[in-house]
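So the structure is just underneath, and the comments pick up after that.
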Amino acid sequence: MKKTEITITQPITLIEALQQAFPSTSRTTVKEMLAHSVMVDDRRITRHDHQLVVGQVVTVTRETPAERHRLHGAEIVYEDRYLLVVNKKSGLLTNSPDPRDQTLIAELNRMAEGRGQRWHAHVVHRLDRDTSGLLIVAKSKDVARQFEENWKERVNDRAYVALVWGHLEPPQGTHTSYLSDGPFSVVSTPTDPGGAKLAVTHYRTLSTSRRYSLVEFRLDTGRRNQIRVHARDLGHPVVHDPMYGYKDDVSPIARLALHACRLGFTHPVTGRTLSFSTPVPQEFNRLIAAT
């Protein structure tokens, strides 16, 4: 971040002071500064007509070019002309209809604009806000549509790693149920009550501690909250899951313990087979090692 301090020497409005300090900056850009990055005597002020008095100090904090091009809450694992593979951090929404929300899609569009590139990010598939890991983002509606129309044929590997409570018996297997949207959460039933969607999850235990298991989950289907619901069905919910986990979950981990660790697919334009993986989050390994 680059900071500029302006000491006021005569009565003046805030926008006038900023225009004098940054004469080559447009009025629109100055207003954008006011929305995010202007302090007057250590107090954030956003009104352009705020009256300043002699002796006050205006501080403007601006991103450097490198910072404008950097993602917040995610990192790019792969990028070409048509798509990106992104490793999203826990706590970041994939997308939202509310423009005030910080989202991965908004972050990518901001990055593209900062680079001077003319593409817009389009959702191919989502991860829950509190799930971290790999996901595909298309740079055009056409590429996104090609994924949507041939998802099962195009995506050949989707794996997650999760910390769950207790030890699964047997330590590996397949769980199948039908999922439907309830009034507050996803409902799982062994048979289709009508209108539910089949969900198939394969799992295998990677390691265990006294209290937890580190488990890999592979999806044949990509239903909403599928792993979290199936972990609960198995009697071993994901650690720190406020919706499908234990109500008295007192784990020291400060996030949902679910991470999309592996992703493989056939590129919709080039036809190349691509495969990506990320390591198990350090918080998961620390908790296993400590308990």
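All residue names refer to the structure tokens as shown: chains lettered A, B, ... in order, residues numbered from 1 in each chain, ligands numbered from 1 in order.
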
Practice problem: Determine, counting only C-alpha atoms, which protein, DNA and RNA residues have an atom within 10 Å of an atom of Phe184 of chain A; residues of the same chain fewer than 3 positions away are not included. Present the result as a list of chain:residue names. | Solution: A:Asp181, A:Val187, A:Met243

Would you tabulate, counting only C-alpha atoms, all residues of segment 119-164 of chain A that have an atom at most 8 Å from an atom of segment 201-222 of chain A, showing the closest pair of atoms and their distance in Å to one decimal, sorted by chain then ascending number, as a tab-separated table?
residue	atom	partner	partner_atom	distance
A:Asp157	CA	A:Arg218	CA	7.6
A:Arg158	CA	A:Arg218	CA	5.8
A:Ala159	CA	A:Arg218	CA	4.5
A:Tyr160	CA	A:Phe217	CA	5.1
A:Val161	CA	A:Glu216	CA	4.4
A:Ala162	CA	A:Val215	CA	5.4
A:Leu163	CA	A:Leu214	CA	4.7
A:Val164	CA	A:Ser213	CA	5.4

Quiz item: Hey, what's within 10 Å of Leu234 of chain A if we count only C-alpha atoms and toss same-chain stuff fewer than 4 positions away? As a list of chain:residue names, please?
Solution: A:Leu168, A:Glu169, A:His175, A:Val229, A:His230

Exercise. Measuring atom to atom with only C-alpha atoms, identify which of A:Ser140, A:Ser251, A:Thr9, A:Thr131 is nearest to Leu84 of chain A.
Key: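 Nearest candidate to Leu84 of chain A out of A:Ser140, A:Ser251, A:Thr9, A:Thr131: A:Ser140.
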
Quiz item: Distance atom CA of Tyr178 of chain A-atom CA of Ala260 of chain A, one decimal place?
Solution: 22.1 Å

Quiz item: Hey, what's within 12 Å of Trp151 of chain A if we count only C-alpha atoms and toss same-chain stuff fewer than 5 positions away? As an MDAnalysis selection string, please?
Solution: chainID A and resid 124:125 136 143:146 156:158 220:222 264:268

For the selection just defined, write its residues with C-alpha atoms to a file, as a short mmCIF file (atom, residue, chain, number, x, y, z; two decimals), in the first residue's frame.
data_model
loop_
_atom_site.label_atom_id
_atom_site.label_comp_id
_atom_site.auth_asym_id
_atom_site.auth_seq_id
_atom_site.Cartn_x
_atom_site.Cartn_y
_atom_site.Cartn_z
CA VAL A 124 -18.40 -23.09 -13.63
CA HIS A 125 -18.96 -24.69 -10.21
CA ILE A 136 -12.76 -23.74 -12.27
CA VAL A 143 -16.66 -21.82 -22.08
CA ALA A 144 -18.82 -21.92 -18.94
CA ARG A 145 -21.70 -23.34 -20.98
CA GLN A 146 -19.48 -26.09 -22.43
CA ASN A 156 -13.01 -36.85 -14.39
CA ASP A 157 -11.73 -36.28 -10.84
CA ARG A 158 -13.02 -34.27 -7.90
CA ASP A 220 -19.61 -39.17 -8.50
CA THR A 221 -22.24 -36.43 -8.24
CA GLY A 222 -21.90 -32.78 -7.27
CA GLY A 264 -9.06 -33.15 -13.07
CA PHE A 265 -10.86 -32.31 -16.32
CA THR A 266 -10.64 -32.21 -20.10
CA HIS A 267 -10.17 -28.66 -21.39
CA PRO A 268 -13.31 -27.65 -23.36
#

Quiz item: Which one of A:Ile227, A:Val40, A:Leu52, A:Val77 sits closest to Thr13 of chain A if you count only C-alpha atoms?
Solution: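 Nearest to Thr13 of chain A: A:Leu52.
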
Exercise. Tell me, in Å to one decimal, how far atom CA of Ile253 of chain A is from atom CA of Pro281 of chain A.
Key: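 Distance between the two atoms: 11.3 Å.
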
Self-check item: Residues within 7 Å of segment 94-99 of chain A, only C-alpha atoms, excluding chain neighbours under 4 positions, as number ranges by chain
Solution: A: 103-105, 126-127, 129

Write a file of the selected residues as a PDB file, in the first residue's frame, keeping C-alpha atoms.
ATOM      1  CA  THR A 103     -16.649 -12.700  -3.850  1.00  0.00           C
ATOM      2  CA  LEU A 104     -14.141 -14.665  -5.886  1.00  0.00           C
ATOM      3  CA  ILE A 105     -15.857 -13.594  -9.118  1.00  0.00           C
ATOM      4  CA  ARG A 126     -19.099 -23.378  -6.663  1.00  0.00           C
ATOM      5  CA  LEU A 127     -17.600 -24.079  -3.290  1.00  0.00           C
ATOM      6  CA  ARG A 129     -18.114 -19.913   1.525  1.00  0.00           C
TER       7      ARG A 129
END

Exercise. Using DSSP on the backbone, list every residue of segment 133-240 of chain A that comes out as strand (DSSP E or B), and give them as number ranges by chain.
Key: A: 133-138, 155-165, 172-181, 186-189, 197-208, 212-219, 238

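Interatomic distance, atom CA of Pro171 of chain A to atom CA of His236 of chain A: 11.5 Å.
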
Quiz item: Which one of A:Gln102, A:Arg43, A:Val60, A:Gln282 sits closest to Thr4 of chain A if you count only C-alpha atoms?
Solution: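 Smallest separation from Thr4 of chain A among the options: A:Val60.
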